[in-house]
$ cat entry_5.cif   # mmCIF, C-alpha atoms
data_work
loop_
_atom_site.label_atom_id
_atom_site.label_comp_id
_atom_site.auth_asym_id
_atom_site.auth_seq_id
_atom_site.Cartn_x
_atom_site.Cartn_y
_atom_site.Cartn_z
CA ILE A 28 125.82 1.26 6.71
CA GLY A 29 126.57 -2.22 7.89
CA GLU A 30 124.09 -3.94 10.06
CA HIS A 31 121.92 -0.82 10.46
CA ALA A 32 118.96 -0.02 8.12
CA LEU A 33 117.74 3.38 7.26
CA VAL A 34 114.00 3.71 7.58
CA ARG A 35 112.10 6.57 6.06
CA LEU A 36 108.73 7.35 7.53
CA THR A 37 106.12 8.97 5.24
CA LYS A 38 102.84 10.36 6.56
CA ILE A 39 99.87 8.96 4.64
CA GLU A 40 96.89 11.28 4.42
CA SER A 41 93.41 9.62 4.73
CA PRO A 42 91.05 10.47 1.87
CA ALA A 43 88.80 13.44 2.61
CA GLN A 44 85.19 12.54 3.47
CA PRO A 45 82.51 14.40 1.48
CA GLN A 46 80.56 16.81 3.68
CA ALA A 47 77.02 18.08 3.02
CA PRO A 48 76.94 21.74 2.34
CA ALA A 49 75.95 23.81 5.35
CA GLN A 50 73.04 25.29 3.46
CA ASP A 51 71.42 21.84 2.95
CA GLY A 52 71.35 21.22 6.69
CA ALA A 53 69.82 24.62 7.33
CA ALA A 54 67.18 24.00 4.68
CA ALA A 55 66.21 20.68 6.28
CA VAL A 56 65.84 22.32 9.68
CA SER A 57 63.77 25.09 8.15
CA GLN A 58 61.47 22.62 6.39
CA ALA A 59 60.98 20.61 9.59
CA ALA A 60 60.11 23.76 11.52
CA LEU A 61 57.65 24.79 8.79
CA ALA A 62 56.00 21.36 8.88
CA VAL A 63 55.57 21.57 12.66
CA GLN A 64 54.17 25.07 12.40
CA THR A 65 51.76 24.05 9.61
CA THR A 66 50.56 21.01 11.55
CA SER A 67 50.06 23.07 14.69
CA SER A 68 48.17 25.73 12.74
CA LEU A 69 46.01 23.07 11.08
CA LEU A 70 45.14 21.43 14.39
CA THR A 71 44.34 24.78 15.92
CA GLY A 72 42.10 25.62 12.96
CA LEU A 73 40.32 22.26 13.15
CA ALA A 74 39.78 22.66 16.88
CA ARG A 75 38.29 26.10 16.27
CA LEU A 76 35.99 24.74 13.56
CA ILE A 77 34.82 21.84 15.75
CA ALA A 78 34.16 24.20 18.65
CA ALA A 79 32.05 26.49 16.44
CA ALA A 80 30.34 23.73 14.43
CA PRO A 81 26.51 23.50 14.65
CA VAL A 82 26.75 19.70 15.02
CA GLY A 83 27.59 17.96 18.28
CA PHE A 84 31.03 16.37 18.63
CA ALA A 85 32.31 14.47 21.66
CA ARG A 86 35.28 12.21 22.42
CA LEU A 87 34.48 9.00 24.29
CA ASP A 88 36.76 6.90 26.44
CA ARG A 89 35.73 3.66 24.70
CA ARG A 90 33.92 2.34 21.65
CA ASP A 91 31.17 0.69 23.66
CA ALA A 92 28.72 3.60 23.45
CA ARG A 93 26.37 2.23 26.11
CA HIS A 94 29.07 2.39 28.80
CA ALA A 95 31.15 5.25 27.37
CA ILE A 96 32.11 8.35 29.35
CA ILE A 97 32.45 11.69 27.59
CA GLN A 98 35.99 13.08 27.73
CA GLU A 99 35.49 16.24 25.69
CA ALA A 100 32.53 17.88 23.97
CA ASN A 101 31.98 20.96 21.86
CA PRO A 102 29.30 23.56 22.74
CA ALA A 103 26.82 22.18 20.20
CA PHE A 104 26.97 18.73 21.81
CA ILE A 105 26.35 20.21 25.25
CA ARG A 106 23.38 22.18 23.89
CA ILE A 107 21.88 19.12 22.19
CA ALA A 108 22.61 16.52 24.87
CA GLY A 109 22.33 18.73 27.93
CA SER A 110 25.73 17.77 29.36
CA GLY A 111 29.36 17.25 28.39
CA LYS A 112 32.66 16.16 29.91
CA GLY A 113 32.37 13.45 32.56
CA ALA A 114 28.78 12.46 31.73
CA LYS A 115 27.77 8.92 30.88
CA LEU A 116 26.39 8.79 27.36
CA SER A 117 23.58 6.37 28.21
CA GLU A 118 22.22 8.86 30.75
CA LEU A 119 21.89 11.55 28.10
CA VAL A 120 19.74 9.40 25.82
CA ALA A 121 16.00 8.86 26.33
CA PRO A 122 15.32 5.51 28.08
CA ALA A 123 13.50 4.18 25.02
CA HIS A 124 16.65 4.67 22.90
CA VAL A 125 19.35 3.37 25.27
CA ASP A 126 19.38 0.00 23.48
CA ASP A 127 20.02 1.82 20.21
CA LEU A 128 23.46 2.78 21.54
CA ASP A 129 24.52 -0.83 20.96
CA ARG A 130 23.93 -0.27 17.24
CA LEU A 131 26.54 2.48 17.12
CA GLU A 132 29.64 1.00 15.50
CA VAL A 133 32.83 2.58 14.27
CA GLY A 134 32.64 2.94 10.51
CA GLY A 135 28.88 2.35 10.37
CA GLN A 136 27.36 3.30 7.03
CA ARG A 137 24.01 4.42 8.42
CA ALA A 138 23.22 6.94 11.12
CA ILE A 139 21.48 5.75 14.28
CA GLU A 140 18.48 7.83 15.36
CA LEU A 141 18.50 8.81 19.03
CA ASP A 142 16.08 10.82 21.14
CA MET A 143 17.81 12.80 23.86
CA ALA A 144 16.63 12.89 27.47
CA THR A 145 16.71 16.70 27.64
CA THR A 146 13.60 18.80 28.22
CA GLY A 147 13.33 19.61 24.53
CA GLY A 148 13.69 15.94 23.59
CA GLN A 149 15.70 16.60 20.45
CA THR A 150 15.83 13.87 17.84
CA CYS A 151 19.38 13.29 16.58
CA GLU A 152 21.27 11.17 14.12
CA GLY A 153 24.51 9.73 15.51
CA TRP A 154 27.69 8.38 13.96
CA LEU A 155 30.55 6.71 15.84
CA LEU A 156 34.02 7.62 14.55
CA GLU A 157 37.36 5.99 15.26
CA ASP A 158 39.66 7.81 17.67
CA GLU A 159 43.21 7.09 18.88
CA ASN A 160 43.87 3.95 20.94
CA ASP A 161 40.55 2.33 21.85
CA GLY A 162 38.58 5.54 22.08
CA ALA A 163 35.88 6.86 19.78
CA ALA A 164 34.21 10.08 18.79
CA LEU A 165 30.46 10.63 18.59
CA LEU A 166 28.97 12.94 16.00
CA LEU A 167 25.41 14.15 16.70
CA VAL A 168 23.23 16.02 14.20
CA ASP A 169 20.01 17.56 15.49
CA VAL A 170 17.25 16.56 13.03
CA SER A 171 14.29 17.64 15.17
CA THR A 172 13.21 20.37 12.75
CA ARG A 173 13.47 18.02 9.80
CA ARG A 174 11.42 15.35 11.58
CA GLU A 175 8.79 17.96 12.47
CA MET A 176 8.56 19.04 8.83
CA GLU A 177 8.26 15.41 7.72
CA HIS A 178 5.47 14.90 10.26
CA ARG A 179 3.62 17.97 9.02
CA LEU A 180 4.02 16.82 5.43
CA ALA A 181 2.59 13.41 6.35
CA GLN A 182 -0.35 15.09 8.10
CA THR A 183 -0.95 17.27 5.04
CA SER A 184 -0.98 14.20 2.82
CA LYS A 185 -3.51 12.56 5.15
CA MET A 186 -5.75 15.62 5.05
CA GLN A 187 -5.59 15.65 1.26
CA ALA A 188 -6.66 12.01 1.23
CA VAL A 189 -9.52 12.81 3.63
CA GLY A 190 -10.57 15.66 1.34
CA GLN A 191 -10.70 13.34 -1.67
CA ILE A 192 -12.79 10.82 0.27
CA ALA A 193 -15.08 13.57 1.54
CA GLY A 194 -15.57 14.83 -2.00
CA GLY A 195 -16.56 11.37 -3.23
CA VAL A 196 -18.99 10.82 -0.34
CA ALA A 197 -20.50 14.28 -0.82
CA HIS A 198 -21.24 13.58 -4.49
CA GLU A 199 -22.99 10.33 -3.59
CA LEU A 200 -25.02 11.99 -0.83
CA ASN A 201 -25.96 14.80 -3.18
CA ASN A 202 -27.38 12.28 -5.63
CA PHE A 203 -29.47 10.65 -2.87
CA LEU A 204 -30.71 14.00 -1.59
CA LEU A 205 -31.72 15.07 -5.10
CA VAL A 206 -33.98 12.03 -5.41
CA ILE A 207 -35.47 12.63 -1.95
CA THR A 208 -36.07 16.34 -2.64
CA LEU A 209 -37.74 15.75 -6.03
CA ASN A 210 -40.04 13.10 -4.63
CA CYS A 211 -40.83 15.27 -1.62
CA ASP A 212 -41.75 18.19 -3.90
CA ALA A 213 -44.03 15.91 -5.89
CA LEU A 214 -45.75 14.68 -2.74
CA LEU A 215 -46.19 18.21 -1.42
CA ALA A 216 -47.88 19.14 -4.68
CA ARG A 217 -50.41 16.36 -4.10
CA HIS A 218 -50.74 17.00 -0.35
CA PRO A 219 -51.10 20.78 0.09
CA VAL A 220 -51.51 22.73 3.30
CA GLY A 221 -54.27 21.20 5.44
CA ASP A 222 -53.53 17.66 4.35
CA PRO A 223 -52.71 15.33 7.29
CA SER A 224 -49.41 14.37 5.61
CA TYR A 225 -48.32 17.94 4.86
CA GLY A 226 -46.47 18.47 8.14
CA GLU A 227 -44.40 15.30 7.80
CA LEU A 228 -43.57 16.02 4.17
CA GLN A 229 -42.54 19.58 5.05
CA SER A 230 -40.25 18.20 7.78
CA ILE A 231 -38.64 15.85 5.24
CA GLN A 232 -38.07 18.75 2.87
CA ASN A 233 -36.51 20.95 5.58
CA THR A 234 -34.22 18.15 6.70
CA SER A 235 -33.18 17.50 3.10
CA SER A 236 -32.33 21.19 2.71
CA ARG A 237 -30.11 21.15 5.81
CA ALA A 238 -28.42 17.97 4.57
CA ALA A 239 -27.81 19.66 1.22
CA GLU A 240 -26.03 22.50 3.02
CA LEU A 241 -23.73 19.98 4.73
CA VAL A 242 -23.01 18.36 1.38
CA LYS A 243 -22.02 21.75 -0.03
CA MET A 244 -19.60 22.22 2.87
CA LEU A 245 -18.05 18.82 2.24
CA LEU A 246 -17.63 19.64 -1.43
CA ALA A 247 -16.09 23.00 -0.54
CA TYR A 248 -13.64 21.26 1.81
CA ALA A 249 -12.72 18.75 -0.91
CA ARG A 250 -12.16 21.58 -3.39
CA LYS A 251 -10.35 23.73 -0.78
CA GLN A 252 -12.96 26.45 -1.13
CA THR A 253 -14.10 28.88 1.56
CA PHE A 254 -17.73 29.80 2.22
CA ARG A 255 -18.78 33.10 3.72
CA ARG A 256 -22.27 33.45 5.09
CA ASP A 257 -23.99 36.81 4.59
CA VAL A 258 -27.33 37.95 5.96
CA LEU A 259 -29.57 39.35 3.22
CA ASP A 260 -32.57 41.53 3.78
CA VAL A 261 -35.07 40.10 1.29
CA GLY A 262 -37.47 42.96 1.99
CA ALA A 263 -35.02 45.66 0.91
#
$ encode --input "entry_5.cif" --output "structure tokens"
Amino acid sequence: IGEHALVRLTKIESPAQPQAPAQDGAAAVSQAALAVQTTSSLLTGLARLIAAAPVGFARLDRRDARHAIIQEANPAFIRIAGSGKGAKLSELVAPAHVDDLDRLEVGGQRAIELDMATTGGQTCEGWLLEDENDGAALLLVDVSTRREMEHRLAQTSKMQAVGQIAGGVAHELNNFLLVITLNCDALLARHPVGDPSYGELQSIQNTSSRAAELVKMLLAYARKQTFRRDVLDVGA
């Protein structure tokens, strides 16, 4: 061949790259679509539950409740507070409870009691919840009925205490009246009709009898009894 060289060119194949099966890619897409659908369905369901909930729920534009503006509110919140979107929270609370808004803190362990400025003046318990960014959510539970029942229970307890005191006083008065009546009867026996002292002694006896009737009423009240007065014809 002399000064010339024979060169043989050979094509070198690059190693084949492994490829994911087509079905794996389709499964991933399907799972992602299912996750989006599930999340959307969950959010829709939660929104429906919040809208129908008997407790008030509102989103605020900030966590400073005193200066917060309502961005969204469910029907229960509007019914309890008397207003919703665009209203200033401090204007929906009774003036005496505006300072209590400063006690509302995100993550607070205890509810803050608030009286609303509406005509009904509902008493509510409020919690401040964390929302996205720097916002917050206010949860209001109307406890007016519960407070009214607690007030009635307290009044009932007071009346029971008054009844016990009345019973004790009535027993003491009854003892005093018994002594007065017995002595008055003895004096009347010694000062019959026509005696100058008879009229005064008779007046003492009549007054003692009326006082005894009052004592019986006090005892009946203490024992939770009921008296019924009947007119009797003694000549029948």
$ resolve_selection --input "entry_5.cif" --expression "the PyMOL selection byres ((chain A and resi 118) around 12)" --output "compact mmCIF listing (two decimals) with C-alpha atoms, in the frame of the given file"
# COMPACT_ATOMS: atom_id res chain seq x y z
CA ALA A 92 28.72 3.60 23.45
CA ARG A 93 26.37 2.23 26.11
CA HIS A 94 29.07 2.39 28.80
CA ALA A 95 31.15 5.25 27.37
CA ILE A 96 32.11 8.35 29.35
CA ILE A 97 32.45 11.69 27.59
CA ALA A 108 22.61 16.52 24.87
CA GLY A 109 22.33 18.73 27.93
CA SER A 110 25.73 17.77 29.36
CA GLY A 111 29.36 17.25 28.39
CA GLY A 113 32.37 13.45 32.56
CA ALA A 114 28.78 12.46 31.73
CA LYS A 115 27.77 8.92 30.88
CA LEU A 116 26.39 8.79 27.36
CA SER A 117 23.58 6.37 28.21
CA LEU A 119 21.89 11.55 28.10
CA VAL A 120 19.74 9.40 25.82
CA ALA A 121 16.00 8.86 26.33
CA PRO A 122 15.32 5.51 28.08
CA ALA A 123 13.50 4.18 25.02
CA HIS A 124 16.65 4.67 22.90
CA VAL A 125 19.35 3.37 25.27
CA ASP A 126 19.38 0.00 23.48
CA LEU A 128 23.46 2.78 21.54
CA ASP A 142 16.08 10.82 21.14
CA MET A 143 17.81 12.80 23.86
CA ALA A 144 16.63 12.89 27.47
CA THR A 145 16.71 16.70 27.64
$ atom_distance --input "entry_5.cif" --atom1 "atom CA of Phe104 of chain A" --atom2 "atom CA of Cys151 of chain A"
10.7 Å
$ atom_distance --input "entry_5.cif" --atom1 "atom CA of Asn202 of chain A" --atom2 "atom CA of Leu245 of chain A"
13.8 Å
$ residues_around --input "entry_5.cif" --residues "Asn201 of chain A" --least-positions-apart "2" --cutoff "12 Å" --atoms "only C-alpha atoms" --output "list in words"
Ala193, Gly194, Gly195, Val196, Ala197, His198, Glu199, Phe203, Leu204, Leu205, Val206, Ile207, Thr208, Ser235, Ser236, Arg237, Ala238, Ala239, Glu240, Leu241, Val242, Lys243, Met244, Leu245 and Leu246 of chain A
$ closest_residue --input "entry_5.cif" --among "A:Lys112, A:Ala78, A:Val170, A:Thr183" --to "Ala138 of chain A" --atoms "all atoms listed in the file"
A:Val170
$ atom_distance --input "entry_5.cif" --atom1 "atom CA of Asp257 of chain A" --atom2 "atom CA of Asp212 of chain A"
27.1 Å
$ closest_atom_pairs --input "entry_5.cif" --of "segment 109-175 of chain A" --to "segment 81-86 of chain A" --cutoff "8 Å" --atoms "all atoms listed in the file" --output "JSON lines"
{"residue": "A:Gly111", "atom": "CA", "partner": "A:Ala85", "partner_atom": "CA", "distance": 7.9}
{"residue": "A:Asp158", "atom": "CA", "partner": "A:Arg86", "partner_atom": "CA", "distance": 7.8}
{"residue": "A:Gly162", "atom": "CA", "partner": "A:Arg86", "partner_atom": "CA", "distance": 7.4}
{"residue": "A:Ala163", "atom": "CA", "partner": "A:Arg86", "partner_atom": "CA", "distance": 6.0}
{"residue": "A:Ala164", "atom": "CA", "partner": "A:Arg86", "partner_atom": "CA", "distance": 4.3}
{"residue": "A:Leu165", "atom": "CA", "partner": "A:Ala85", "partner_atom": "CA", "distance": 5.3}
{"residue": "A:Leu166", "atom": "CA", "partner": "A:Phe84", "partner_atom": "CA", "distance": 4.8}
{"residue": "A:Leu167", "atom": "CA", "partner": "A:Gly83", "partner_atom": "CA", "distance": 4.7}
{"residue": "A:Val168", "atom": "CA", "partner": "A:Val82", "partner_atom": "CA", "distance": 5.2}
{"residue": "A:Asp169", "atom": "CA", "partner": "A:Val82", "partner_atom": "CA", "distance": 7.1}
$ closest_residue --input "entry_5.cif" --among "A:Glu132, A:Leu87, A:Leu155, A:Ala249" --to "Met186 of chain A" --atoms "only C-alpha atoms"
A:Ala249
$ closest_residue --input "entry_5.cif" --among "A:Cys211, A:Met176, A:Leu76, A:Ala216" --to "Ser230 of chain A" --atoms "all atoms listed in the file"
A:Cys211
$ resolve_selection --input "entry_5.cif" --expression "the PyMOL selection byres ((chain A and resi 228) around 9)" --output "ChimeraX atom specification"
/A:211-212,214-215,218,224-227,229-233
$ closest_residue --input "entry_5.cif" --among "A:Ala213, A:Val220, A:Ala188, A:Glu152" --to "Arg137 of chain A" --atoms "only C-alpha atoms"
A:Glu152
$ closest_residue --input "entry_5.cif" --among "A:Ala247, A:Asn210, A:Ile107, A:Pro219" --to "Ser171 of chain A" --atoms "all atoms listed in the file"
A:Ile107
